[in-house]
>>> print(open('query19.tsv').read())   # TSV, C-alpha atoms and all ligand atoms
chain	number	residue	atom	x	y	z
A	25	MET	CA	2.64	-68.01	34.24
A	26	THR	CA	-0.18	-65.51	33.73
A	27	ARG	CA	-2.35	-65.27	36.81
A	28	LEU	CA	-5.86	-63.84	37.00
A	29	GLU	CA	-7.34	-63.30	40.45
A	30	ALA	CA	-10.94	-62.44	41.33
A	31	LEU	CA	-10.78	-60.79	44.75
A	32	ASP	CA	-14.18	-60.58	46.48
A	33	VAL	CA	-15.76	-59.80	43.13
A	34	GLY	CA	-19.41	-58.83	42.98
A	35	VAL	CA	-21.55	-57.91	39.95
A	36	ALA	CA	-24.99	-56.29	39.98
A	37	LEU	CA	-27.25	-56.26	36.91
A	38	GLY	CA	-30.64	-54.60	36.75
A	39	GLY	CA	-30.29	-53.51	40.39
A	40	ARG	CA	-29.72	-57.08	41.61
A	41	THR	CA	-26.56	-58.87	42.72
A	42	VAL	CA	-26.10	-61.67	40.20
A	43	LEU	CA	-22.54	-62.64	41.07
A	44	GLY	CA	-20.51	-62.87	44.24
A	45	PRO	CA	-18.93	-61.99	46.40
A	46	LEU	CA	-16.44	-64.60	45.22
A	47	ARG	CA	-12.72	-65.29	45.18
A	48	ALA	CA	-10.98	-67.49	42.64
A	49	THR	CA	-7.62	-67.64	40.91
A	50	PHE	CA	-6.98	-68.79	37.36
A	51	ALA	CA	-3.54	-69.60	35.98
A	52	GLY	CA	-2.49	-72.80	34.16
A	53	GLY	CA	-4.56	-75.89	33.46
A	54	TRP	CA	-8.13	-76.34	32.29
A	55	THR	CA	-10.98	-75.05	34.44
A	56	ALA	CA	-14.60	-75.79	33.57
A	57	ILE	CA	-17.23	-73.46	35.02
A	58	VAL	CA	-20.57	-75.26	35.36
A	59	GLY	CA	-23.93	-74.45	36.88
A	60	PRO	CA	-27.60	-73.99	36.06
A	61	ASN	CA	-28.99	-71.37	33.67
A	62	GLY	CA	-28.67	-67.94	35.22
A	63	ALA	CA	-26.04	-69.03	37.78
A	64	GLY	CA	-23.71	-66.22	36.68
A	65	LYS	CA	-21.22	-68.20	34.54
A	66	SER	CA	-21.14	-65.77	31.61
A	67	THR	CA	-21.10	-62.82	33.98
A	68	LEU	CA	-18.07	-64.27	35.76
A	69	LEU	CA	-16.29	-64.85	32.45
A	70	ARG	CA	-17.04	-61.30	31.26
A	71	ALA	CA	-15.77	-59.96	34.57
A	72	LEU	CA	-12.56	-62.00	34.24
A	73	ALA	CA	-12.09	-60.62	30.73
A	74	GLY	CA	-12.34	-57.08	32.12
A	75	LEU	CA	-15.56	-56.46	30.20
A	76	GLN	CA	-17.97	-56.24	33.12
A	77	PRO	CA	-18.16	-53.32	35.56
A	78	LEU	CA	-17.83	-54.61	39.12
A	79	ALA	CA	-20.10	-53.65	42.02
A	80	ALA	CA	-17.49	-54.90	44.48
A	81	GLY	CA	-13.96	-56.26	44.63
A	82	ARG	CA	-11.10	-56.24	42.14
A	83	ILE	CA	-9.61	-58.41	39.43
A	84	HIS	CA	-5.84	-58.62	39.22
A	85	LEU	CA	-3.87	-59.71	36.18
A	86	ASN	CA	-0.39	-60.66	37.35
A	87	GLY	CA	-0.91	-58.49	40.42
A	88	VAL	CA	-2.09	-55.41	38.49
A	89	GLU	CA	-5.65	-54.09	38.51
A	90	LEU	CA	-7.23	-55.44	35.30
A	91	HIS	CA	-9.54	-52.47	34.76
A	92	GLY	CA	-6.56	-50.11	34.76
A	93	LEU	CA	-4.96	-51.80	31.73
A	94	ALA	CA	-5.44	-50.61	28.15
A	95	PRO	CA	-7.80	-52.87	26.14
A	96	LEU	CA	-5.04	-54.10	23.80
A	97	GLU	CA	-2.77	-54.90	26.74
A	98	ARG	CA	-5.60	-56.92	28.30
A	99	ALA	CA	-6.28	-58.65	24.99
A	100	ARG	CA	-2.66	-59.78	24.66
A	101	HIS	CA	-3.06	-61.69	27.93
A	102	ILE	CA	-6.68	-62.76	27.80
A	103	ALA	CA	-8.63	-64.11	24.82
A	104	TRP	CA	-12.39	-64.12	25.25
A	105	LEU	CA	-14.93	-66.06	23.24
A	106	ALA	CA	-18.44	-64.70	23.69
A	107	GLN	CA	-21.43	-66.99	24.13
A	108	GLN	CA	-22.98	-65.43	21.04
A	109	GLY	CA	-20.68	-64.50	18.16
A	110	ASP	CA	-19.97	-60.80	18.22
A	111	VAL	CA	-18.41	-60.28	14.81
A	112	THR	CA	-20.24	-59.09	11.71
A	113	GLY	CA	-21.27	-61.85	9.33
A	114	GLU	CA	-19.94	-59.97	6.28
A	115	LEU	CA	-16.31	-60.65	7.16
A	116	THR	CA	-14.66	-63.68	5.62
A	117	VAL	CA	-13.43	-66.51	7.77
A	118	ARG	CA	-9.81	-65.42	7.31
A	119	GLU	CA	-10.63	-61.77	8.14
A	120	THR	CA	-12.44	-62.88	11.27
A	121	VAL	CA	-9.55	-65.01	12.49
A	122	GLU	CA	-7.09	-62.22	11.65
A	123	LEU	CA	-8.96	-59.98	14.09
A	124	GLY	CA	-7.30	-62.10	16.78
A	125	ARG	CA	-3.99	-60.45	15.86
A	126	LEU	CA	-5.29	-56.91	16.54
A	127	ALA	CA	-4.10	-57.20	20.13
A	128	HIS	CA	-0.52	-57.42	18.83
A	129	LEU	CA	-0.76	-55.18	15.75
A	130	GLY	CA	-3.13	-52.43	16.84
A	131	LEU	CA	-5.28	-50.84	14.12
A	132	MET	CA	-2.35	-49.52	12.08
A	133	GLY	CA	0.06	-52.45	12.25
A	134	THR	CA	1.10	-54.52	9.24
A	135	PRO	CA	0.82	-58.26	9.73
A	136	GLY	CA	4.11	-60.15	9.49
A	137	PRO	CA	5.03	-63.83	9.16
A	138	ALA	CA	4.42	-64.48	12.88
A	139	ASP	CA	0.85	-63.15	12.53
A	140	ALA	CA	0.19	-65.25	9.42
A	141	ALA	CA	1.56	-68.32	11.20
A	142	ALA	CA	-0.66	-67.75	14.25
A	143	VAL	CA	-3.73	-67.37	12.03
A	144	ALA	CA	-2.88	-70.51	10.04
A	145	ARG	CA	-2.26	-72.49	13.25
A	146	ALA	CA	-5.55	-71.38	14.82
A	147	MET	CA	-7.48	-72.29	11.65
A	148	ALA	CA	-5.84	-75.70	11.47
A	149	LEU	CA	-6.58	-76.46	15.14
A	150	THR	CA	-10.27	-75.67	14.66
A	151	GLU	CA	-10.50	-77.22	11.17
A	152	CYS	CA	-11.52	-73.95	9.52
A	153	ALA	CA	-8.78	-73.83	6.91
A	154	GLY	CA	-11.09	-75.06	4.14
A	155	TRP	CA	-13.41	-72.04	4.41
A	156	THR	CA	-10.96	-69.12	4.35
A	157	GLY	CA	-12.74	-67.03	1.68
A	158	ARG	CA	-16.33	-67.64	2.80
A	159	GLN	CA	-18.33	-65.05	4.67
A	160	LEU	CA	-19.29	-65.86	8.24
A	161	GLN	CA	-22.97	-65.43	7.42
A	162	GLN	CA	-22.66	-68.28	4.88
A	163	LEU	CA	-21.65	-70.75	7.60
A	164	SER	CA	-23.73	-72.89	9.93
A	165	GLY	CA	-23.93	-72.10	13.65
A	166	GLY	CA	-21.36	-74.75	14.56
A	167	GLU	CA	-19.00	-73.70	11.78
A	168	ARG	CA	-19.23	-70.06	12.91
A	169	GLN	CA	-18.49	-71.12	16.45
A	170	ARG	CA	-15.29	-72.85	15.32
A	171	VAL	CA	-14.23	-69.72	13.43
A	172	GLN	CA	-14.81	-67.59	16.54
A	173	LEU	CA	-12.73	-70.04	18.54
A	174	ALA	CA	-9.99	-69.77	15.89
A	175	ARG	CA	-10.07	-65.98	16.36
A	176	ALA	CA	-9.56	-66.43	20.10
A	177	LEU	CA	-6.73	-68.93	19.55
A	178	ALA	CA	-5.04	-66.63	17.01
A	179	THR	CA	-4.37	-64.13	19.81
A	180	GLU	CA	-1.99	-66.71	21.33
A	181	ALA	CA	-2.99	-65.24	24.69
A	182	PRO	CA	-1.81	-67.24	27.71
A	183	LEU	CA	-5.33	-67.25	29.15
A	184	LEU	CA	-8.34	-68.36	27.12
A	185	LEU	CA	-11.82	-67.55	28.46
A	186	LEU	CA	-14.33	-69.48	26.37
A	187	ASP	CA	-18.07	-69.17	26.94
A	188	GLU	CA	-19.87	-72.33	25.79
A	189	PRO	CA	-17.38	-73.16	23.00
A	190	THR	CA	-18.95	-76.57	22.31
A	191	THR	CA	-22.66	-75.71	22.42
A	192	HIS	CA	-23.38	-75.72	18.67
A	193	LEU	CA	-20.94	-78.47	17.73
A	194	ASP	CA	-21.65	-82.00	16.59
A	195	ALA	CA	-20.27	-84.91	18.63
A	196	PRO	CA	-16.99	-85.37	16.67
A	197	HIS	CA	-16.15	-81.70	16.98
A	198	GLN	CA	-17.06	-81.67	20.68
A	199	VAL	CA	-14.60	-84.52	21.19
A	200	ALA	CA	-11.98	-82.71	19.08
A	201	LEU	CA	-12.39	-79.54	21.14
A	202	ALA	CA	-12.19	-81.39	24.45
A	203	ARG	CA	-8.89	-82.87	23.24
A	204	LEU	CA	-7.76	-79.43	22.10
A	205	PHE	CA	-8.50	-77.88	25.53
A	206	ARG	CA	-6.53	-80.70	27.16
A	207	ARG	CA	-3.63	-80.16	24.79
A	208	LEU	CA	-3.59	-76.37	25.24
A	209	ALA	CA	-3.81	-76.67	29.02
A	210	ASP	CA	-0.90	-79.14	29.03
A	211	GLU	CA	1.35	-76.80	27.03
A	212	THR	CA	4.36	-75.64	28.98
A	213	ASP	CA	6.16	-73.36	26.54
A	214	PRO	CA	4.51	-70.99	27.22
A	215	PRO	CA	2.07	-72.34	29.84
A	216	ARG	CA	-1.61	-71.73	29.14
A	217	GLY	CA	-4.75	-71.46	31.18
A	218	VAL	CA	-8.03	-72.50	29.59
A	219	VAL	CA	-11.31	-71.52	31.28
A	220	THR	CA	-14.47	-72.86	29.65
A	221	VAL	CA	-18.12	-72.33	30.56
A	222	LEU	CA	-19.71	-75.65	29.67
A	223	HIS	CA	-23.18	-77.15	29.81
A	224	ASP	CA	-21.85	-80.49	28.63
A	225	LEU	CA	-20.85	-82.11	31.92
A	226	ALA	CA	-19.25	-85.12	30.21
A	227	ILE	CA	-16.68	-82.74	28.72
A	228	ALA	CA	-16.45	-80.60	31.88
A	229	LEU	CA	-15.46	-83.68	33.90
A	230	ARG	CA	-12.32	-83.98	31.76
A	231	ALA	CA	-11.08	-80.58	32.96
A	232	ASP	CA	-8.46	-80.28	35.70
A	233	ARG	CA	-10.79	-78.25	37.85
A	234	LEU	CA	-14.54	-77.74	38.15
A	235	LEU	CA	-15.88	-74.49	39.45
A	236	VAL	CA	-19.51	-75.06	40.35
A	237	LEU	CA	-21.66	-71.91	40.42
A	238	GLN	CA	-25.17	-71.50	41.77
A	239	GLN	CA	-27.01	-68.22	42.23
A	240	GLY	CA	-23.83	-66.25	41.69
A	241	LEU	CA	-21.81	-68.08	44.33
A	242	ILE	CA	-19.14	-70.78	44.17
A	243	ARG	CA	-20.58	-74.02	45.58
A	244	ALA	CA	-17.47	-76.09	44.91
A	245	ASP	CA	-14.05	-75.57	43.35
A	246	GLY	CA	-11.74	-78.52	42.86
A	247	PRO	CA	-10.83	-81.55	40.75
A	248	PRO	CA	-13.72	-83.49	39.19
A	249	ALA	CA	-12.59	-86.61	41.08
A	250	ASP	CA	-13.28	-84.90	44.42
A	251	PRO	CA	-16.51	-86.39	45.86
A	252	GLN	CA	-17.50	-83.00	47.31
A	253	VAL	CA	-17.26	-81.43	43.88
A	254	GLN	CA	-19.34	-84.27	42.41
A	255	GLN	CA	-21.96	-83.85	45.13
A	256	ALA	CA	-22.11	-80.13	44.42
A	257	VAL	CA	-22.71	-80.85	40.72
A	258	GLU	CA	-25.59	-83.20	41.56
A	259	SER	CA	-26.99	-80.71	44.08
A	260	VAL	CA	-26.92	-77.54	41.92
A	261	PHE	CA	-28.66	-79.40	39.09
A	262	GLY	CA	-31.36	-80.60	41.48
A	263	GLY	CA	-30.50	-84.28	41.07
A	264	ALA	CA	-31.07	-84.20	37.30
A	265	VAL	CA	-27.58	-85.60	36.82
A	266	HIS	CA	-25.76	-88.42	38.52
A	267	VAL	CA	-21.98	-88.37	38.84
A	268	ASP	CA	-20.00	-91.53	39.60
A	269	THR	CA	-16.75	-93.21	38.61
A	270	ASP	CA	-16.10	-95.60	35.71
A	271	GLY	CA	-14.02	-98.78	35.85
A	272	ALA	CA	-10.83	-96.84	35.13
A	273	GLY	CA	-11.51	-94.48	38.05
A	274	ARG	CA	-12.54	-91.54	35.85
A	275	PRO	CA	-15.55	-89.46	36.92
A	276	ARG	CA	-18.53	-89.81	34.60
A	277	VAL	CA	-21.97	-88.30	34.42
A	278	ALA	CA	-25.41	-89.47	33.39
A	279	LEU	CA	-28.72	-87.64	33.09
A	280	ALA	CA	-31.14	-89.06	35.66
A	281	LEU	CA	-33.75	-89.80	32.99
A	282	ASP	CA	-35.13	-92.90	34.65
A	283	HIS	CA	-35.78	-91.37	38.06
A	284	HIS	CA	-39.31	-90.41	39.02
B	1	LIG	N1	-28.51	-57.13	31.34
B	1	LIG	C1	-29.02	-57.76	32.40
B	1	LIG	N2	-29.86	-57.13	33.26
B	1	LIG	C2	-30.37	-57.75	34.34
B	1	LIG	N3	-30.09	-59.03	34.66
B	1	LIG	C3	-29.27	-59.70	33.84
B	1	LIG	C4	-28.69	-59.11	32.67
B	1	LIG	N4	-27.91	-60.03	32.07
B	1	LIG	C5	-28.00	-61.16	32.82
B	1	LIG	N5	-28.82	-60.96	33.88
B	1	LIG	C6	-29.14	-61.93	34.93
B	1	LIG	O1	-27.92	-62.27	35.58
B	1	LIG	C7	-27.95	-63.64	35.98
B	1	LIG	C8	-26.68	-64.33	35.50
B	1	LIG	O2	-26.69	-64.38	34.09
B	1	LIG	P1	-25.56	-65.16	33.29
B	1	LIG	O3	-25.79	-64.88	31.85
B	1	LIG	O4	-24.24	-64.83	33.86
B	1	LIG	O5	-25.93	-66.66	33.64
B	1	LIG	P2	-25.32	-68.02	33.06
B	1	LIG	O6	-24.95	-68.86	34.22
B	1	LIG	O7	-24.25	-67.73	32.06
B	1	LIG	O8	-26.60	-68.65	32.37
B	1	LIG	P3	-26.83	-69.58	31.05
B	1	LIG	O9	-26.42	-70.97	31.44
B	1	LIG	O10	-28.30	-69.50	30.84
B	1	LIG	O11	-26.04	-69.02	29.91
B	1	LIG	C9	-29.25	-64.23	35.43
B	1	LIG	O12	-30.17	-64.31	36.47
B	1	LIG	C10	-29.69	-63.21	34.38
B	1	LIG	O13	-31.10	-63.18	34.30
>>> encode(input="query19.tsv", output="structure tokens")
Amino acid sequence: MTRLEALDVGVALGGRTVLGPLRATFAGGWTAIVGPNGAGKSTLLRALAGLQPLAAGRIHLNGVELHGLAPLERARHIAWLAQQGDVTGELTVRETVELGRLAHLGLMGTPGPADAAAVARAMALTECAGWTGRQLQQLSGGERQRVQLARALATEAPLLLLDEPTTHLDAPHQVALARLFRRLADETDPPRGVVTVLHDLAIALRADRLLVLQQGLIRADGPPADPQVQQAVESVFGGAVHVDTDGAGRPRVALALDHH
């Protein structure tokens, strides 16, 4: 199983420490990173993807220093979905998703049946298959987000790092994605790790693990059913949310709209 370890990682931006020092390991299962705006969630995800210079510490991919690996080697192991789409809007949906295969093909490679199958699978999972010939700029924000997710899935990387993958989606597609994360994280052949930065706590509570960040530090790291993790969620959001347990014993969350 692919293993990504943050070892005493620290990140400074604009002359200020915005992350760390922190230690965390990511392998199989679904981890949701939650926390207030500016807590350092995206910075942590960028660091884990090897895209963020570190002020302190190291990140190891299967025991090897991540920053020492070639970009394509990294990309074969780690798929990263940026918070804001980073691909030009003039590409078609199919061309965008095919970019996910670059990690395997390089710039000069010719796609084969395995590449076509991975692209088709990723588009089916995200329900993008109906738009193959359309340009990205002709799609809505939520549709674009699903195409970008398809690009990440098309890499077939064992670790998926997804920054706010559900933010622009309507309720049915949020539910569909939550089910997809569950399904991917439950895969055993090969095993997958899914790490999502999420603002939607109802979805985050369905993950196997919650990593609660505040001011660049980990306030809690454990299963959503753990009362300490739930308390940390309530605390970092200043009591704006209330976490309890439903009749079936599942953790659930509500916005504290009626509190004064
Ligand atoms: N280029 C930059 N220069 C200086 N500070 C930055 C820069 N980018 C981000 N920051 C700061 O780093 C901190 C962490 O930002 P980050 O984007 O990781 O937060 P986040 O938890 O993902 O927030 P959000 O929920 O709003 O997306 C914030 O305080 C932010 O203002």
>>> atom_distance(input="query19.tsv", atom1="atom CA of A:Leu129", atom2="atom CA of A:Glu97")
11.2 Å
>>> residues_near_ligand(input="query19.tsv", ligand="ligand LIG 1 (chain B)", cutoff="10 Å", atoms="all atoms listed in the file", output="number ranges by chain")
A: 35-43, 57-71, 107, 187-188, 221-223, 237-240
>>> write_last_selection(input="query19.tsv", atoms="C-alpha atoms", output="JSON list (two decimals), in the coordinates of the input")
[["chain", "number", "residue", "atom", "x", "y", "z"],
["A", 35, "VAL", "CA", -21.55, -57.91, 39.95],
["A", 36, "ALA", "CA", -24.99, -56.29, 39.98],
["A", 37, "LEU", "CA", -27.25, -56.26, 36.91],
["A", 38, "GLY", "CA", -30.64, -54.60, 36.75],
["A", 39, "GLY", "CA", -30.29, -53.51, 40.39],
["A", 40, "ARG", "CA", -29.72, -57.08, 41.61],
["A", 41, "THR", "CA", -26.56, -58.87, 42.72],
["A", 42, "VAL", "CA", -26.10, -61.67, 40.20],
["A", 43, "LEU", "CA", -22.54, -62.64, 41.07],
["A", 57, "ILE", "CA", -17.23, -73.46, 35.02],
["A", 58, "VAL", "CA", -20.57, -75.26, 35.36],
["A", 59, "GLY", "CA", -23.93, -74.45, 36.88],
["A", 60, "PRO", "CA", -27.60, -73.99, 36.06],
["A", 61, "ASN", "CA", -28.99, -71.37, 33.67],
["A", 62, "GLY", "CA", -28.67, -67.94, 35.22],
["A", 63, "ALA", "CA", -26.04, -69.03, 37.78],
["A", 64, "GLY", "CA", -23.71, -66.22, 36.68],
["A", 65, "LYS", "CA", -21.22, -68.20, 34.54],
["A", 66, "SER", "CA", -21.14, -65.77, 31.61],
["A", 67, "THR", "CA", -21.10, -62.82, 33.98],
["A", 68, "LEU", "CA", -18.07, -64.27, 35.76],
["A", 69, "LEU", "CA", -16.29, -64.85, 32.45],
["A", 70, "ARG", "CA", -17.04, -61.30, 31.26],
["A", 71, "ALA", "CA", -15.77, -59.96, 34.57],
["A", 107, "GLN", "CA", -21.43, -66.99, 24.13],
["A", 187, "ASP", "CA", -18.07, -69.17, 26.94],
["A", 188, "GLU", "CA", -19.87, -72.33, 25.79],
["A", 221, "VAL", "CA", -18.12, -72.33, 30.56],
["A", 222, "LEU", "CA", -19.71, -75.65, 29.67],
["A", 223, "HIS", "CA", -23.18, -77.15, 29.81],
["A", 237, "LEU", "CA", -21.66, -71.91, 40.42],
["A", 238, "GLN", "CA", -25.17, -71.50, 41.77],
["A", 239, "GLN", "CA", -27.01, -68.22, 42.23],
["A", 240, "GLY", "CA", -23.83, -66.25, 41.69]]
>>> residues_around(input="query19.tsv", residues="A:Pro189", least_positions_apart="2", cutoff="9 Å", atoms="all atoms listed in the file", output="list in words")
Leu105, Ala106, Gln107, Gln169, Arg170, Gln172, Leu173, Leu186, Asp187, Thr191, His192, Leu193, Gln198, Leu201, Thr220, Val221 and Leu222 of chain A
>>> closest_residue(input="query19.tsv", among="A:Pro137, A:Gly113, A:Pro247, A:Pro182", to="A:Gln159", atoms="all atoms listed in the file")
A:Gly113
>>> atom_distance(input="query19.tsv", atom1="atom CA of A:Pro215", atom2="atom CA of A:Ala153")
25.4 Å
>>> atom_distance(input="query19.tsv", atom1="atom CA of A:Ile227", atom2="atom CA of A:Ala174")
19.4 Å
>>> closest_residue(input="query19.tsv", among="A:Arg158, A:His84, A:Arg230, A:Arg243", to="A:Leu204", atoms="only C-alpha atoms")
A:Arg230
>>> closest_residue(input="query19.tsv", among="A:Val117, A:Ala264, A:Ile102, A:Leu93", to="A:Gln162", atoms="all atoms listed in the file")
A:Val117
>>> residues_around(input="query19.tsv", residues="A:Arg233", least_positions_apart="5", cutoff="10 Å", atoms="all atoms listed in the file", output="number ranges by chain")
A: 53-57, 219, 228, 244-250, 253
>>> write_last_selection(input="query19.tsv", atoms="C-alpha atoms", output="mmCIF file, in the coordinates of the input")
data_model
loop_
_atom_site.group_PDB
_atom_site.id
_atom_site.type_symbol
_atom_site.label_atom_id
_atom_site.label_comp_id
_atom_site.auth_asym_id
_atom_site.auth_seq_id
_atom_site.Cartn_x
_atom_site.Cartn_y
_atom_site.Cartn_z
ATOM 1 C CA GLY A 53 -4.560 -75.890 33.460
ATOM 2 C CA TRP A 54 -8.130 -76.340 32.290
ATOM 3 C CA THR A 55 -10.980 -75.050 34.440
ATOM 4 C CA ALA A 56 -14.600 -75.790 33.570
ATOM 5 C CA ILE A 57 -17.230 -73.460 35.020
ATOM 6 C CA VAL A 219 -11.310 -71.520 31.280
ATOM 7 C CA ALA A 228 -16.450 -80.600 31.880
ATOM 8 C CA ALA A 244 -17.470 -76.090 44.910
ATOM 9 C CA ASP A 245 -14.050 -75.570 43.350
ATOM 10 C CA GLY A 246 -11.740 -78.520 42.860
ATOM 11 C CA PRO A 247 -10.830 -81.550 40.750
ATOM 12 C CA PRO A 248 -13.720 -83.490 39.190
ATOM 13 C CA ALA A 249 -12.590 -86.610 41.080
ATOM 14 C CA ASP A 250 -13.280 -84.900 44.420
ATOM 15 C CA VAL A 253 -17.260 -81.430 43.880
#
>>> closest_residue(input="query19.tsv", among="A:Met132, A:Val236, A:Gly81, A:Gly52", to="A:Leu31", atoms="all atoms listed in the file")
A:Gly81
>>> closest_residue(input="query19.tsv", among="A:Ala200, A:Ala103, A:Leu160, A:Leu234", to="A:Ala176", atoms="only C-alpha atoms")
A:Ala103
>>> build_atoms(input="query19.tsv", residues="stretch 143-168 of chain A", atoms="N, CA and C atoms", output="compact mmCIF listing (two decimals), in the coordinates of the input")
# COMPACT_ATOMS: atom_id res chain seq x y z
N VAL A 143 -2.41 -67.23 12.64
CA VAL A 143 -3.73 -67.37 12.03
C VAL A 143 -3.86 -68.77 11.40
N ALA A 144 -2.84 -69.19 10.69
CA ALA A 144 -2.88 -70.51 10.04
C ALA A 144 -2.99 -71.62 11.09
N ARG A 145 -2.24 -71.47 12.19
CA ARG A 145 -2.26 -72.49 13.25
C ARG A 145 -3.65 -72.58 13.88
N ALA A 146 -4.23 -71.42 14.16
CA ALA A 146 -5.55 -71.38 14.82
C ALA A 146 -6.60 -72.01 13.90
N MET A 147 -6.50 -71.73 12.58
CA MET A 147 -7.48 -72.29 11.65
C MET A 147 -7.31 -73.79 11.49
N ALA A 148 -6.07 -74.25 11.57
CA ALA A 148 -5.84 -75.70 11.47
C ALA A 148 -6.38 -76.41 12.71
N LEU A 149 -6.14 -75.82 13.89
CA LEU A 149 -6.58 -76.46 15.14
C LEU A 149 -8.09 -76.60 15.21
N THR A 150 -8.81 -75.67 14.59
CA THR A 150 -10.27 -75.67 14.66
C THR A 150 -10.90 -76.21 13.37
N GLU A 151 -10.05 -76.67 12.46
CA GLU A 151 -10.50 -77.22 11.17
C GLU A 151 -11.34 -76.22 10.39
N CYS A 152 -10.84 -75.00 10.29
CA CYS A 152 -11.52 -73.95 9.52
C CYS A 152 -10.80 -73.65 8.22
N ALA A 153 -9.65 -74.27 8.00
CA ALA A 153 -8.78 -73.83 6.91
C ALA A 153 -9.44 -73.97 5.55
N GLY A 154 -10.43 -74.86 5.43
CA GLY A 154 -11.09 -75.06 4.14
C GLY A 154 -12.06 -73.94 3.77
N TRP A 155 -12.36 -73.04 4.68
CA TRP A 155 -13.41 -72.04 4.41
C TRP A 155 -12.87 -70.62 4.31
N THR A 156 -11.57 -70.44 4.15
CA THR A 156 -10.96 -69.12 4.35
C THR A 156 -11.69 -67.96 3.69
N GLY A 157 -12.16 -68.15 2.43
CA GLY A 157 -12.74 -67.03 1.68
C GLY A 157 -14.24 -66.85 1.91
N ARG A 158 -14.87 -67.75 2.64
CA ARG A 158 -16.33 -67.64 2.80
C ARG A 158 -16.70 -66.62 3.86
N GLN A 159 -17.87 -65.99 3.66
CA GLN A 159 -18.33 -65.05 4.67
C GLN A 159 -18.91 -65.81 5.86
N LEU A 160 -18.79 -65.20 7.03
CA LEU A 160 -19.29 -65.86 8.24
C LEU A 160 -20.79 -66.17 8.13
N GLN A 161 -21.52 -65.24 7.49
CA GLN A 161 -22.97 -65.43 7.42
C GLN A 161 -23.35 -66.60 6.51
N GLN A 162 -22.37 -67.13 5.74
CA GLN A 162 -22.66 -68.28 4.88
C GLN A 162 -22.38 -69.61 5.60
N LEU A 163 -22.00 -69.53 6.87
CA LEU A 163 -21.65 -70.75 7.60
C LEU A 163 -22.77 -71.15 8.55
N SER A 164 -22.77 -72.41 8.94
CA SER A 164 -23.73 -72.89 9.93
C SER A 164 -23.32 -72.40 11.32
N GLY A 165 -24.21 -72.57 12.29
CA GLY A 165 -23.93 -72.10 13.65
C GLY A 165 -22.66 -72.74 14.23
N GLY A 166 -22.53 -74.05 14.03
CA GLY A 166 -21.36 -74.75 14.56
C GLY A 166 -20.08 -74.34 13.86
N GLU A 167 -20.18 -74.13 12.53
CA GLU A 167 -19.00 -73.70 11.78
C GLU A 167 -18.55 -72.31 12.23
N ARG A 168 -19.55 -71.43 12.43
CA ARG A 168 -19.23 -70.06 12.91
C ARG A 168 -18.55 -70.12 14.28
